[in-house]
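A short worksheet on the structure shown next.
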Amino acid sequence: MKTTERRPKQRPRAGEVRLEGQPVSSGVAIGYAAVAHEPAPPPVDMARRDCDPAHERTRLHDAISRSVAQLGRLHDRLALLPEDGQVEIGSLLEVYRRMLGPSRLRRGIEARLEQGMLAEAAVMQETETLAALMLAPPGRPAPQGEDAVAARRRAGEFREIGRRLVRNLSGTPYRSFSTLPDGAILVAEQLRPADAALIDPSRIAAVVTEEGGSTGHTAILLRALGIPAVLAAHGLLAQVGRRTRLVVDGATGRVIVRPSSRMAAAARVEVASYARERQMLGRLRRLPARLSSGEVLTLQANLEIPAELPMVAQSGAAGIGLLRSEFLFMNTDTLPDEELQEAIYLPLIEAMAGDPVTIRVVDWGSEKNSDALSRVGIGNGGDANPALAVRGIRLLLQHRTLLETQFAAILRAAHAGPVRVLLPMVSLLEELQAAREIYARVGRRLRRRGVKIPDPLPPLGIMIETPAAALMTDVLAQEAEFLAIGTNDLTMYTLAADRAATDVAALYDPLHPAVLRLVRMTADAGLRQRRPVSVCGELASDPQAVPLLVGLGVRSFSMHASAVPRVKRAIRAAAMDDCRRMACRALEATDGQEVRAMLAQYAYTLQHPDDG
Ligand code: PEP
Ligand code: MG
């Protein structure tokens, strides 16, 4: 297998050209392109129906054995990948292996062979049929939002395993990256996750592809490997030839082909400063989140899927402040039972080695939906205003076994380390009381059965995501042992602007004083009732906003793991007096713009102390 550097279809134009793609993994790189084309398998006669099924079955089984062996070799390479890459590619290899086993895919292919089809054609048709089913499930609305992302990923998995089988059926080799020159920028039409796993991040400066997207496995893996990457840079291959010089900015998605000498010099400065920044952020990992005036805060990570766990460890987060358990219900047709859930929570809790894990029970409804739940008749029911209908705790109280199962699984896993249980979308005291009763009952039942669970039960807290909850925090805090402010939803409900709708995006502003006043009320009530208050919405990832939230009385933050170092840096530069002064001004501001300008000014003063 070797990398071929074919002549591009169109002659590359001379002079600097700028392309835009999807920013996938941040970092700036400058280097020469190494175009890695993949030899195409020979064309397949899709119409043939006169093949000998026994012969084609043997060919298929050989191709499956070869594919399994290749995946096994890839698996052996896992140890060479950084930890997050290991998790991402490890679980993907597992998916592929299951597909090659006694799966629906295999049954479908074999049924087509019985019709006299060529094995290649049967594989291609069946994988495409299953991919299409994922993208447009018959009799159901097309997946939206996170479900659409998951559906695309799943469809990609079917197509990928199909391509692997066809290559092995036709004996078409894979490309290899081992011959690429050191420091090269890998340019390809597309890059599959298995390809990405073969890349040595110490040798490849960046990756740019013509196809692909920011949410697939390849993108996740490239981020895990820390390789600057831009995918879906249309027009790339027509512009790039052998040893074309490129500048790649993985944060903005910009690709400069044949940069001018001025542009190349600027890129080199950026490459050096990015390297310094990474080094500095790495050092921050071990330092406390302490204000320059001495007060220590807590920074934790939000977790969407277990695969992000290594990133949490790398970030220096002091535990998981929000485990969104929705992933348990995605990409599956069946509801996860108590044992399965326990088996998923347990390693997460163990991995945090004594740092707390806050598990939020499932928050479905509104814009989120799940196959497993829809199948048993649980969903947003097509309401005109799903965000204002049955979601979060409302849904769980209507389907109590769902809540009981999740409580029981969390309690079973809780012996492994400190755990907190979080209820989503609470707006009334009676919702919290009803959930608490169920929680206590599940605890009693497990104890009666002799299951070892913590005594007292782990703290039960609530999300503050509605104006009603924020305004009533003092009442709710009598029953809730901790409060987590979800600024994403709190902003939506306070400003009556849908968080997912682009036409009201300008109205959706978490820094609007109306939202900030509710944050202040919540923090004050928490303090009075001695209940810990955290912010776990996106606002907690904003290094400029966090000092303001500190001034409003919040001492604990949970954010995407990648944001932890930058937020910590901002905190270590800020002083409590300044935070409080900013909070007073923000509460009196007339709009979010004014608040944002003030925060930017403060950040500037911290960075340039001699200017003022
Ligand atoms: C929030 O609403 O701020 C929050 C953290 O919950 P989610 O984004 O999962 O709705
Ligand atoms: Mg929310």
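Letters for chains follow the order of the structure tokens (A, B, ...), residue numbers begin at 1 for each chain, and ligand numbers begin at 1 in the order shown.
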Quick one: contact table of chain A to ligand 1, 10 Å max, nearest atom pair and distance in Å to one decimal per residue, counting only C-alpha atoms and all ligand atoms, chain and number order, as a Markdown table?
```
| residue | atom | partner | partner_atom_place_in_ligand_line | distance |
| --- | --- | --- | --- | --- |
| A:Asn302 | CA | ligand 1 | 5 (C) | 8.4 |
| A:Glu304 | CA | ligand 1 | 9 (O) | 8.8 |
| A:Gly321 | CA | ligand 1 | 5 (C) | 9.8 |
| A:Leu322 | CA | ligand 1 | 5 (C) | 7.4 |
| A:Leu323 | CA | ligand 1 | 9 (O) | 9.1 |
| A:Arg324 | CA | ligand 1 | 9 (O) | 6.3 |
| A:Ser325 | CA | ligand 1 | 9 (O) | 9.3 |
| A:Glu326 | CA | ligand 1 | 9 (O) | 8.6 |
| A:Arg360 | CA | ligand 1 | 9 (O) | 9.0 |
| A:Val362 | CA | ligand 1 | 9 (O) | 9.3 |
| A:Asp363 | CA | ligand 1 | 9 (O) | 7.2 |
| A:Trp364 | CA | ligand 1 | 10 (O) | 9.2 |
| A:Ser366 | CA | ligand 1 | 10 (O) | 9.3 |
| A:Glu367 | CA | ligand 1 | 10 (O) | 9.5 |
| A:Lys368 | CA | ligand 1 | 10 (O) | 9.0 |
| A:Gly392 | CA | ligand 1 | 10 (O) | 9.1 |
| A:Pro424 | CA | ligand 1 | 6 (O) | 7.6 |
| A:Met425 | CA | ligand 1 | 2 (O) | 8.2 |
| A:Met463 | CA | ligand 1 | 4 (C) | 7.8 |
| A:Ile464 | CA | ligand 1 | 2 (O) | 8.3 |
| A:Glu465 | CA | ligand 1 | 2 (O) | 5.8 |
| A:Thr466 | CA | ligand 1 | 2 (O) | 9.0 |
| A:Ala484 | CA | ligand 1 | 5 (C) | 8.2 |
| A:Ile485 | CA | ligand 1 | 3 (O) | 6.6 |
| A:Gly486 | CA | ligand 1 | 3 (O) | 2.9 |
| A:Thr487 | CA | ligand 1 | 3 (O) | 4.0 |
| A:Asn488 | CA | ligand 1 | 3 (O) | 3.4 |
| A:Asp489 | CA | ligand 1 | 2 (O) | 3.8 |
| A:Leu490 | CA | ligand 1 | 2 (O) | 6.3 |
| A:Thr491 | CA | ligand 1 | 3 (O) | 8.2 |
| A:Met492 | CA | ligand 1 | 2 (O) | 8.6 |
| A:Tyr493 | CA | ligand 1 | 2 (O) | 9.9 |
| A:Arg499 | CA | ligand 1 | 2 (O) | 9.3 |
| A:Pro510 | CA | ligand 1 | 3 (O) | 9.8 |
| A:Val535 | CA | ligand 1 | 3 (O) | 7.9 |
| A:Cys536 | CA | ligand 1 | 5 (C) | 5.0 |
| A:Gly537 | CA | ligand 1 | 3 (O) | 3.4 |
| A:Glu538 | CA | ligand 1 | 3 (O) | 6.4 |
| A:Leu539 | CA | ligand 1 | 3 (O) | 8.1 |
| A:Ala540 | CA | ligand 1 | 3 (O) | 9.3 |
| A:Ser558 | CA | ligand 1 | 5 (C) | 8.8 |
| A:Met559 | CA | ligand 1 | 5 (C) | 8.8 |
```
What's the 6 Å shell around region 471-480 of chain A, counting only C-alpha atoms, without same-chain residues fewer than 5 positions away, as an mmCIF file with N, CA, C and O atoms, in the first residue's frame?
```cif
data_model
loop_
_atom_site.group_PDB
_atom_site.id
_atom_site.type_symbol
_atom_site.label_atom_id
_atom_site.label_comp_id
_atom_site.auth_asym_id
_atom_site.auth_seq_id
_atom_site.Cartn_x
_atom_site.Cartn_y
_atom_site.Cartn_z
ATOM 1 N N LEU A 429 -42.283 23.256 43.311
ATOM 2 C CA LEU A 429 -41.864 22.506 44.490
ATOM 3 C C LEU A 429 -42.455 21.095 44.472
ATOM 4 O O LEU A 429 -41.789 20.123 44.832
ATOM 5 N N GLY A 461 -30.382 17.202 43.783
ATOM 6 C CA GLY A 461 -30.447 18.636 43.489
ATOM 7 C C GLY A 461 -31.296 18.917 42.264
ATOM 8 O O GLY A 461 -31.805 17.995 41.621
ATOM 9 N N THR A 522 -30.741 33.392 42.472
ATOM 10 C CA THR A 522 -30.485 31.982 42.787
ATOM 11 C C THR A 522 -29.273 31.850 43.707
ATOM 12 O O THR A 522 -29.302 31.119 44.701
ATOM 13 N N ALA A 525 -30.155 33.069 47.202
ATOM 14 C CA ALA A 525 -31.020 32.121 47.929
ATOM 15 C C ALA A 525 -30.218 30.894 48.346
ATOM 16 O O ALA A 525 -30.371 30.385 49.462
#
```
Note to self: I want to know what sits within 7 Å of Val567 (chain A), based on only C-alpha atoms, with residues of the same chain fewer than 4 positions away left out; could you give that as a ChimeraX atom specification?
What the structure shows: /A:541-543,563,571
Would you put the residues from that selection into a file with N, CA, C and O atoms, as a PDB file, in the first residue's frame?
```pdb
ATOM      1  N   SER A 541     -18.559  28.349  30.179  1.00  0.00           N
ATOM      2  CA  SER A 541     -17.369  28.086  29.350  1.00  0.00           C
ATOM      3  C   SER A 541     -16.741  29.375  28.855  1.00  0.00           C
ATOM      4  O   SER A 541     -15.731  29.328  28.149  1.00  0.00           O
ATOM      5  N   ASP A 542     -17.368  30.501  29.158  1.00  0.00           N
ATOM      6  CA  ASP A 542     -16.903  31.773  28.612  1.00  0.00           C
ATOM      7  C   ASP A 542     -15.951  32.432  29.609  1.00  0.00           C
ATOM      8  O   ASP A 542     -16.374  32.916  30.660  1.00  0.00           O
ATOM      9  N   PRO A 543     -14.645  32.476  29.287  1.00  0.00           N
ATOM     10  CA  PRO A 543     -13.673  32.997  30.260  1.00  0.00           C
ATOM     11  C   PRO A 543     -13.974  34.441  30.676  1.00  0.00           C
ATOM     12  O   PRO A 543     -13.646  34.845  31.778  1.00  0.00           O
ATOM     13  N   ALA A 563     -12.894  23.733  27.803  1.00  0.00           N
ATOM     14  CA  ALA A 563     -12.921  25.138  28.242  1.00  0.00           C
ATOM     15  C   ALA A 563     -12.252  25.329  29.602  1.00  0.00           C
ATOM     16  O   ALA A 563     -11.936  26.465  29.981  1.00  0.00           O
ATOM     17  N   ILE A 571      -9.831  33.080  35.682  1.00  0.00           N
ATOM     18  CA  ILE A 571     -10.101  33.170  37.116  1.00  0.00           C
ATOM     19  C   ILE A 571      -8.838  33.567  37.878  1.00  0.00           C
ATOM     20  O   ILE A 571      -8.864  34.417  38.770  1.00  0.00           O
TER      21      ILE A 571
END
```
Note to self: Using Å and a single decimal, report how far CA of Gly145 (chain A) sits from CA of Leu105 (chain A).
What the structure shows: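 Between CA of Leu105 (chain A) and CA of Gly145 (chain A) the gap is 26.0 Å.
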Just asking: which residues within region 510-550 of chain A are helix (DSSP H, G or I) according to DSSP, as a PDB file with N, CA and C atoms, in the first residue's frame?
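The resulting file, states.pdb, is reproduced below:
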```pdb
ATOM      1  N   PRO A 513     -29.169  41.388  31.235  1.00  0.00           N
ATOM      2  CA  PRO A 513     -29.335  41.613  32.686  1.00  0.00           C
ATOM      3  C   PRO A 513     -30.528  40.852  33.281  1.00  0.00           C
ATOM      4  N   ALA A 514     -31.544  40.576  32.465  1.00  0.00           N
ATOM      5  CA  ALA A 514     -32.694  39.823  32.999  1.00  0.00           C
ATOM      6  C   ALA A 514     -32.248  38.441  33.459  1.00  0.00           C
ATOM      7  N   VAL A 515     -31.389  37.802  32.674  1.00  0.00           N
ATOM      8  CA  VAL A 515     -30.878  36.479  33.037  1.00  0.00           C
ATOM      9  C   VAL A 515     -29.944  36.620  34.248  1.00  0.00           C
ATOM     10  N   LEU A 516     -29.101  37.627  34.197  1.00  0.00           N
ATOM     11  CA  LEU A 516     -28.118  37.813  35.280  1.00  0.00           C
ATOM     12  C   LEU A 516     -28.815  38.083  36.616  1.00  0.00           C
ATOM     13  N   ARG A 517     -29.940  38.815  36.566  1.00  0.00           N
ATOM     14  CA  ARG A 517     -30.672  39.075  37.823  1.00  0.00           C
ATOM     15  C   ARG A 517     -31.198  37.765  38.419  1.00  0.00           C
ATOM     16  N   LEU A 518     -31.617  36.862  37.546  1.00  0.00           N
ATOM     17  CA  LEU A 518     -32.105  35.561  38.051  1.00  0.00           C
ATOM     18  C   LEU A 518     -30.952  34.717  38.601  1.00  0.00           C
ATOM     19  N   VAL A 519     -29.798  34.841  37.967  1.00  0.00           N
ATOM     20  CA  VAL A 519     -28.622  34.125  38.488  1.00  0.00           C
ATOM     21  C   VAL A 519     -28.315  34.666  39.883  1.00  0.00           C
ATOM     22  N   ARG A 520     -28.354  35.989  40.023  1.00  0.00           N
ATOM     23  CA  ARG A 520     -28.069  36.602  41.312  1.00  0.00           C
ATOM     24  C   ARG A 520     -29.066  36.123  42.383  1.00  0.00           C
ATOM     25  N   MET A 521     -30.353  36.113  42.018  1.00  0.00           N
ATOM     26  CA  MET A 521     -31.379  35.672  42.981  1.00  0.00           C
ATOM     27  C   MET A 521     -31.114  34.242  43.438  1.00  0.00           C
ATOM     28  N   THR A 522     -30.741  33.392  42.472  1.00  0.00           N
ATOM     29  CA  THR A 522     -30.485  31.982  42.787  1.00  0.00           C
ATOM     30  C   THR A 522     -29.273  31.850  43.707  1.00  0.00           C
ATOM     31  N   ALA A 523     -28.211  32.590  43.359  1.00  0.00           N
ATOM     32  CA  ALA A 523     -26.987  32.503  44.172  1.00  0.00           C
ATOM     33  C   ALA A 523     -27.260  33.009  45.592  1.00  0.00           C
ATOM     34  N   ASP A 524     -28.009  34.106  45.702  1.00  0.00           N
ATOM     35  CA  ASP A 524     -28.335  34.664  47.031  1.00  0.00           C
ATOM     36  C   ASP A 524     -29.137  33.654  47.859  1.00  0.00           C
ATOM     37  N   ALA A 525     -30.155  33.069  47.202  1.00  0.00           N
ATOM     38  CA  ALA A 525     -31.020  32.121  47.929  1.00  0.00           C
ATOM     39  C   ALA A 525     -30.218  30.894  48.346  1.00  0.00           C
ATOM     40  N   GLY A 526     -29.336  30.443  47.467  1.00  0.00           N
ATOM     41  CA  GLY A 526     -28.491  29.290  47.789  1.00  0.00           C
ATOM     42  C   GLY A 526     -27.623  29.580  49.007  1.00  0.00           C
ATOM     43  N   LEU A 527     -27.070  30.782  49.009  1.00  0.00           N
ATOM     44  CA  LEU A 527     -26.198  31.175  50.122  1.00  0.00           C
ATOM     45  C   LEU A 527     -26.992  31.209  51.429  1.00  0.00           C
ATOM     46  N   ARG A 528     -28.189  31.831  51.351  1.00  0.00           N
ATOM     47  CA  ARG A 528     -29.024  31.934  52.568  1.00  0.00           C
ATOM     48  C   ARG A 528     -29.394  30.550  53.090  1.00  0.00           C
ATOM     49  N   GLU A 538     -23.759  26.907  28.974  1.00  0.00           N
ATOM     50  CA  GLU A 538     -22.624  27.309  28.139  1.00  0.00           C
ATOM     51  C   GLU A 538     -21.910  28.551  28.666  1.00  0.00           C
ATOM     52  N   LEU A 539     -22.629  29.394  29.390  1.00  0.00           N
ATOM     53  CA  LEU A 539     -22.031  30.633  29.892  1.00  0.00           C
ATOM     54  C   LEU A 539     -20.814  30.339  30.776  1.00  0.00           C
ATOM     55  N   ALA A 540     -20.826  29.177  31.426  1.00  0.00           N
ATOM     56  CA  ALA A 540     -19.709  28.818  32.307  1.00  0.00           C
ATOM     57  C   ALA A 540     -18.435  28.530  31.514  1.00  0.00           C
ATOM     58  N   SER A 541     -18.559  28.349  30.179  1.00  0.00           N
ATOM     59  CA  SER A 541     -17.369  28.086  29.350  1.00  0.00           C
ATOM     60  C   SER A 541     -16.741  29.375  28.855  1.00  0.00           C
ATOM     61  N   ALA A 545     -17.055  35.730  30.925  1.00  0.00           N
ATOM     62  CA  ALA A 545     -18.294  35.794  31.717  1.00  0.00           C
ATOM     63  C   ALA A 545     -18.095  35.254  33.134  1.00  0.00           C
ATOM     64  N   VAL A 546     -17.143  34.324  33.302  1.00  0.00           N
ATOM     65  CA  VAL A 546     -17.033  33.663  34.608  1.00  0.00           C
ATOM     66  C   VAL A 546     -16.709  34.638  35.755  1.00  0.00           C
ATOM     67  N   PRO A 547     -15.770  35.604  35.589  1.00  0.00           N
ATOM     68  CA  PRO A 547     -15.561  36.557  36.691  1.00  0.00           C
ATOM     69  C   PRO A 547     -16.850  37.296  37.080  1.00  0.00           C
ATOM     70  N   LEU A 548     -17.686  37.593  36.085  1.00  0.00           N
ATOM     71  CA  LEU A 548     -18.965  38.250  36.386  1.00  0.00           C
ATOM     72  C   LEU A 548     -19.853  37.321  37.219  1.00  0.00           C
ATOM     73  N   LEU A 549     -19.900  36.045  36.832  1.00  0.00           N
ATOM     74  CA  LEU A 549     -20.727  35.086  37.584  1.00  0.00           C
ATOM     75  C   LEU A 549     -20.197  34.939  39.016  1.00  0.00           C
ATOM     76  N   VAL A 550     -18.890  35.024  39.154  1.00  0.00           N
ATOM     77  CA  VAL A 550     -18.297  34.975  40.500  1.00  0.00           C
ATOM     78  C   VAL A 550     -18.817  36.180  41.298  1.00  0.00           C
TER      79      VAL A 550
END
```
